[in-house]
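One structure is given here, and the rest of the page talks about it.
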Amino acid sequence: MIRSSNPFAQEPRYELITRVLRSNIQRGTLPEGLVLLEGPIAAVMQTSRVPVQSALRLLMSEGLVHRFEGRGYLVGPQSKGILPVRRDIREFTLDVPDEVDDALQTRGTWRHVYEEVEEQVASCQIFGEFRIVETELSDYLGVSRTVARDVLARLQERGLIRKNASSHWIAGPLTARTLREKFELRSIIEPAALRMSAPYISYAEVEQLLEKIDSGATLTPESLSDALVEFCIAQAPNMTLVEMIRSNRLLLSSVNRALTSLGLPNDEATIDQYRTLFELIARHPIDSAAEYLRDQVQITAQRNLARMKIVAVISETGAFAPYLLPQ
Amino acid sequence: MGVSSASLAAPPRRHQRRLRVRGTSITLLSQVRERAEAELGFGVDYELLEFPTCQRRAAMEPEGYDVYEQCFHNLDIVWFWGALQPIDINRITEWDNISDLAKEGGISKYAWRGHGDAPVRKLYVQPGGFLGPKPSRHISMLPTVYNMDSFGYDPRVFGMAEDPRPSWSWLLDKRAKGRIALVDEPAIGLFDAALAAEAAGELQFADIGNMTIEEINALMRLLEDRRRQGFFCGAWRDGDQAAQLLRDKSVAVQSMWSPVYGKIGPHPGSFVEAAPTEGYRAWHGGASLSRHLGGAELDMAYEYLNWWLSGYAGAVMARQGYYISTPERSRTHLSPQEWAYWYDGAPAAQDLYGPGGEWVVRAGARRAGGTYRERASRIAIWNTVMDEYNYAARAWDRFIRRIQNGTAAEDSAA
C-alpha cells in the first residue's frame, strides 16, 4: 500500500476539485459569468466526471456558482443576472497547489491498487485461464468502476489480459509457448536495437555502472537489466522499436515477479553476465556486445522454460483473488 | 543443563549413522533396505511417497532427504528447482558398466531413441547448469532401474488368439467401455492416453513427446468425451491401487507397471501383459544426491549409490519385472531360471517368485515382448515432462478428478 505524507492524500477527490475551483474563483482567475462544464474540468483535473459534478454542486451550495438555462454552471452568485461567458477552462491558467495536484494524480486512481492486482493476475495465469469481472474487481478493491477499468486497461497494455470474443476480460493461461515467443522476440529485437544505439549510448553512465559493479556495490540483476535498457537499448534512434522492446519486457517481468512471489527459486542472469555485457558495450565493437546479448537472452529463455515446468508442483488451492473466475 | 554423572560413567554411545532416502514404490523395497544396511554398516531410512507428492517434496524440501530415488523425467522439476547436487562419475565404481540405453540413449547406435525424455537427454550436467546428452564428468542422477511399460488387458474382451496384436488404442476401445483405467501421473498416464489416441486414429501429434497447447487441448477433449460416455472406471497412483481396481472394478484394460502383475498373481486367463504393436512407453529410474550433502554424509551417499549397482538390488528389481543398468552384476544374484525368464524372454522353467516371495510367474509362461533386446529396441516414448507440462498436468488433474468424482454417469445421462 502506498502511504503518503501529503496532507491532501486522504481527501476525497471532489473536495480536492472543489478546493481548486473555489480558490481560483475567489482570486478571480476564473471570471464571473464563465460557463463551467464537467467534461473540460474533468480533463484538466485528470479525473472522471463524477467528482466534478459533486464539486460543482458543493460550490453552488456555497453560492460561488449557479445554474442557468444552458448547460453547466456560471461563476458568480445567482442574483446578479450575470451573462454567460463561453470560454474553455483550459485557456485559463489555473492555480493548483502542488500538493493538491499530486493528491489528484494518485488518490483513488489505478496507480494506488495496480501493483496488488498485477501480481494476482500475473500469478493466477500459471494455473490456467481466468475471467475477470469488472464489477467484482471494483468491489474487491473498493474503488469505482472507472478506476477498475483503468487498472484493466493497464493490465491489457502490459499484455497480461485480453478480451475474448464475448468481450470478457481473460487472463492466461501462461504457457511455455508464450514465454518462448517473448524471449525469441527479445533475442531478435534487443541486439538489433543495441547495434543501432551504439552512437547514442551514454558511455559515461556505462563506465560508472562498471565501476559500481567492481566496487562491490549492492546491485540487483533487475536494476542492471533496467540500466541496460535505459542507458543503451532505449537510445536506439527508432521509437517504434524501443516501444516494442519495452512492452515485450513488461509481461516477462510481471511473470518473473509473480513466480518468485509464489516461492520459485529466482532465475535471473547474474551480475557477472551483466558485467561482461557492459564491458563489451563500453570497450569493444558493438557487434560483440550484440552477439553476447543474444546468447544471454537465449540462455535466459531456456532457464525460464525450465522454470515454467517446475511451477507444476505448486498447488492451486485457495490461490486466487475473488474477482478471478477459473474458466 | 549439566552433564549427569551417569552419562559420564557410561561408555560413549556411538551415534548410529543413518542415510535418509526419499523415493517411490519402484525402488523403496524392504528387501533392498535391509540388505543395504547389513552390507554398508549404516542405517537406511526410507520415506516412500506417491509420484507427484514425492516429486513436489523432493523439489521444495531437499533438506528432508539425502538420496532421492525417482525417474529421470522428473529431473526437469527437481533439478531445476535447485534441490540436487551433481554426481561425480569418477566416484561411481560401476560407471563403465552402466548400459548404453542410459548412457548413449539406445541399446545400439541404430536403435530408435524414442520420443520424449530419453534418460540420456537429462543425464549429463552441461555448462550453465542445464542437463543434456553431451558427456561430462558430472551427472544429475545415477541410472539404476528401468522398464518398458505397456498396459494389461482381459483376453476375454479383446480376443484369445495366440497373437492378438495388442494396441494402445484398446485404452479407448468401446469393447472395454466402463472397464478402462489409467495411471494418474501426468508425465506417464497422459502418454498412455496419447498413444491410445494416435493408435485409434483419433489424433495425430507432430511430436508426441512435446505436444503443443492445441494438441493437449485436443487430447483432453477426446478423453473428456470418452469419460462422459462412461469409458473410464478409475485411475490409480500406485501398484496397490492398480491391483485393487482389477479386483473391485473388473478392469478390462489399464495402464500397468510390472510389479502389479505380481500383486494379482499368475492368472493369465483374466488379465495379461500386452506387448503393444506401437511399442512401449519406457521409463528410467535412478538415484540423486540432495544439495545439502557434504563431507561424511556425502561419502555415505556415494557408498549407497555404488552399492545399488553392485548386484543385489538389481536382482530384487528383476523379480518385480524391472531391468537394472548393470545387469551382469545382478546376474550372479539371480537363479539361471530367473535370468532366463526376466532377461532372456525364455519360458519359465519353474514357478518364479517376487521380491517378497509371492508367486508371480507360472512355470511355462513367457515374458510378454520377449528378450531384453527385443523389448528395449521397441521404445515408442519415454515418460516425459514436456515444455507445456504445467499446462498439461493441470488439465490432466482436472480430468482425473472428474473420473474419481464419479460424474461420468450423471454426465452421460444429461
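Residue numbering restarts at 1 for every chain of the C-alpha cells, chains are lettered A, B, ... in their displayed order, and ligands are numbered from 1 as they appear.
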Find the residues of chain B that sit at most 8 Å from chain A; for each, write down the nearest two atoms and how far apart they are in Å, to one decimal. Count only C-alpha atoms. Sort by chain, then by number going up, and give it as CSV.
```
residue,atom,partner,partner_atom,distance
B:Pro52,CA,A:Val313,CA,7.9
B:Gln55,CA,A:Val313,CA,7.8
B:Arg56,CA,A:Val313,CA,5.4
B:Asp76,CA,A:Ala306,CA,6.8
B:Ile77,CA,A:Ile310,CA,4.7
B:Val78,CA,A:Ile310,CA,7.6
B:Phe80,CA,A:Ala306,CA,6.5
B:Trp81,CA,A:Pro265,CA,6.5
B:Gly82,CA,A:Pro265,CA,7.7
B:Ile213,CA,A:Thr175,CA,7.9
B:Val385,CA,A:Lys309,CA,7.5
B:Met386,CA,A:Lys309,CA,7.8
B:Asp387,CA,A:Ala176,CA,6.0
B:Glu388,CA,A:Ala176,CA,5.5
B:Tyr389,CA,A:Lys309,CA,5.6
B:Asn390,CA,A:Ala312,CA,4.4
B:Tyr391,CA,A:Thr175,CA,6.7
B:Ala393,CA,A:Ala312,CA,6.8
B:Arg394,CA,A:Phe127,CA,7.2
```
Would you kindly return, as a count of residues only, each protein, DNA or RNA residue with an atom no farther than 10 Å from any atom of Val206 (chain A), considering only C-alpha atoms and excluding same-chain residues fewer than 2 positions away?
17
Check the DSSP output for the backbone and give back, as a PyMOL selection string, the residues of region 143-299 of chain A in alpha helix (DSSP H).
chain A and resi 145-157+176-197+203-214+221-227+239-261+271-283+286-299
Would you please give, as a list in words, all residues of region 15-223 of chain A that DSSP assigns to strand (DSSP E) based on the backbone?
Val35, Leu36, Val65, His66, Arg67, Tyr73, Leu74, Val75, Phe130, Arg131, Ile132, Ile161, Arg162, Lys163, Trp169, Ile170 and Ala171 of chain A
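Using only C-alpha atoms, the residues found no farther than 9 Å from Asn306 (chain B), other than those of its own chain fewer than 2 positions away, are Arg91, Ile92, Thr93, Glu94, Ala301, Tyr302, Glu303, Tyr304, Trp308, Leu309 and Ser310 of chain B.
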I need the residues from that last selection saved to file as an mmCIF file, in the first residue's frame (with N, CA and C atoms), if you can.
```cif
data_model
loop_
_atom_site.group_PDB
_atom_site.id
_atom_site.type_symbol
_atom_site.label_atom_id
_atom_site.label_comp_id
_atom_site.auth_asym_id
_atom_site.auth_seq_id
_atom_site.Cartn_x
_atom_site.Cartn_y
_atom_site.Cartn_z
ATOM 1 N N ARG B 91 33.510 -41.062 -8.979
ATOM 2 C CA ARG B 91 33.273 -41.747 -7.705
ATOM 3 C C ARG B 91 32.285 -42.906 -7.856
ATOM 4 N N ILE B 92 31.866 -43.193 -9.090
ATOM 5 C CA ILE B 92 30.926 -44.293 -9.335
ATOM 6 C C ILE B 92 31.711 -45.483 -9.887
ATOM 7 N N THR B 93 31.877 -46.509 -9.051
ATOM 8 C CA THR B 93 32.757 -47.614 -9.440
ATOM 9 C C THR B 93 32.270 -48.362 -10.678
ATOM 10 N N GLU B 94 30.956 -48.481 -10.835
ATOM 11 C CA GLU B 94 30.421 -49.266 -11.952
ATOM 12 C C GLU B 94 30.123 -48.403 -13.181
ATOM 13 N N ALA B 301 26.446 -41.361 1.076
ATOM 14 C CA ALA B 301 25.509 -41.393 -0.049
ATOM 15 C C ALA B 301 26.167 -42.048 -1.270
ATOM 16 N N TYR B 302 27.441 -41.723 -1.512
ATOM 17 C CA TYR B 302 28.139 -42.371 -2.635
ATOM 18 C C TYR B 302 28.271 -43.875 -2.409
ATOM 19 N N GLU B 303 28.541 -44.262 -1.148
ATOM 20 C CA GLU B 303 28.628 -45.697 -0.842
ATOM 21 C C GLU B 303 27.313 -46.400 -1.191
ATOM 22 N N TYR B 304 26.227 -45.750 -0.812
ATOM 23 C CA TYR B 304 24.900 -46.326 -1.062
ATOM 24 C C TYR B 304 24.637 -46.422 -2.568
ATOM 25 N N TRP B 308 24.081 -49.848 -4.799
ATOM 26 C CA TRP B 308 22.887 -50.093 -5.601
ATOM 27 C C TRP B 308 23.215 -50.814 -6.910
ATOM 28 N N LEU B 309 24.368 -50.486 -7.501
ATOM 29 C CA LEU B 309 24.723 -51.073 -8.790
ATOM 30 C C LEU B 309 25.561 -52.336 -8.652
ATOM 31 N N SER B 310 25.791 -52.765 -7.389
ATOM 32 C CA SER B 310 26.740 -53.868 -7.205
ATOM 33 C C SER B 310 26.113 -55.251 -7.350
#
```
Could you give me, as a list of chain:residue names, the residues within 10 Å of Pro199 (chain A), counting only C-alpha atoms and dropping anything in the same chain fewer than 6 positions from it?
A:Cys232, A:Gln235, A:Ala236, A:Pro237, A:Ile286
Excluding same-chain residues fewer than 4 positions from Glu291 (chain A), what lies within 8 Å of it counting only C-alpha atoms, as number ranges by chain?
A: 191, 287, 295
Restricted to N, CA and C atoms, what would the selected residues look like written as a compact mmCIF listing (two decimals), in the first residue's frame?
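Saved result, selection.txt, follows:
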```
# COMPACT_ATOMS: atom_id res chain seq x y z
N PRO A 191 19.20 -7.18 -29.56
CA PRO A 191 20.53 -6.98 -30.15
C PRO A 191 20.49 -5.98 -31.32
N ASP A 287 29.13 -4.98 -32.19
CA ASP A 287 28.68 -6.30 -32.64
C ASP A 287 28.94 -7.38 -31.60
N ASP A 295 23.01 -14.29 -27.08
CA ASP A 295 23.27 -15.55 -26.38
C ASP A 295 22.66 -15.55 -24.99
```
Name all residues at most 12 Å from region 151-165 of chain A (count only C-alpha atoms; drop same-chain ones fewer than 3 positions away) and give them as a PyMOL selection string.
chain A and resi 108-126+129-135+137-138+141+143-148+168-174+178+182+243-255+258+324
Spatial neighbours of Leu182 (chain B), 8 Å, only C-alpha atoms, chain gap at least 5 places, as an MDAnalysis selection string
chainID B and resid 189 192:193 234:236 254:255
With C-alpha atoms retained, could you export that selection as an mmCIF file, in the first residue's frame?
```
data_model
loop_
_atom_site.group_PDB
_atom_site.id
_atom_site.type_symbol
_atom_site.label_atom_id
_atom_site.label_comp_id
_atom_site.auth_asym_id
_atom_site.auth_seq_id
_atom_site.Cartn_x
_atom_site.Cartn_y
_atom_site.Cartn_z
ATOM 1 C CA GLY B 189 -0.685 -41.663 -17.929
ATOM 2 C CA ASP B 192 -0.667 -43.824 -22.435
ATOM 3 C CA ALA B 193 -3.744 -41.834 -23.423
ATOM 4 C CA GLY B 234 -10.889 -45.287 -12.322
ATOM 5 C CA ALA B 235 -7.330 -44.063 -12.071
ATOM 6 C CA TRP B 236 -4.503 -45.250 -9.867
ATOM 7 C CA GLN B 254 -5.495 -50.378 -17.957
ATOM 8 C CA SER B 255 -2.024 -48.847 -17.760
#
```
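Across the model, the gap from CA of Glu222 (chain A) to CA of Thr260 (chain A) is 12.8 Å.
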Between region 135-186 of chain B and region 260-270 of chain B, at 12 Å or less, what are the per-residue closest atom pairs and their distances in Å? Count only C-alpha atoms, order by chain and rising residue number, and return it as a Markdown table.
```
| residue | atom | partner | partner_atom | distance |
| --- | --- | --- | --- | --- |
| B:Asp149 | CA | B:Val260 | CA | 11.5 |
| B:Ser150 | CA | B:Tyr261 | CA | 11.9 |
| B:Phe151 | CA | B:Tyr261 | CA | 10.7 |
| B:Gly152 | CA | B:Tyr261 | CA | 8.8 |
| B:Tyr153 | CA | B:Ser270 | CA | 7.9 |
| B:Asp154 | CA | B:Ser270 | CA | 5.2 |
| B:Pro155 | CA | B:Ser270 | CA | 6.5 |
| B:Arg156 | CA | B:Ser270 | CA | 7.0 |
| B:Val157 | CA | B:Ser270 | CA | 9.3 |
| B:Phe158 | CA | B:Ser270 | CA | 10.9 |
| B:Gly159 | CA | B:Gly269 | CA | 11.3 |
| B:Met160 | CA | B:Gly269 | CA | 9.1 |
```
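The coordinates place CA of Val52 (chain A) at 19.1 Å from CA of Asp98 (chain A).
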In Å and to one decimal, CA of Ile233 (chain A) is distant from CA of Ile213 (chain A) by 19.5 Å
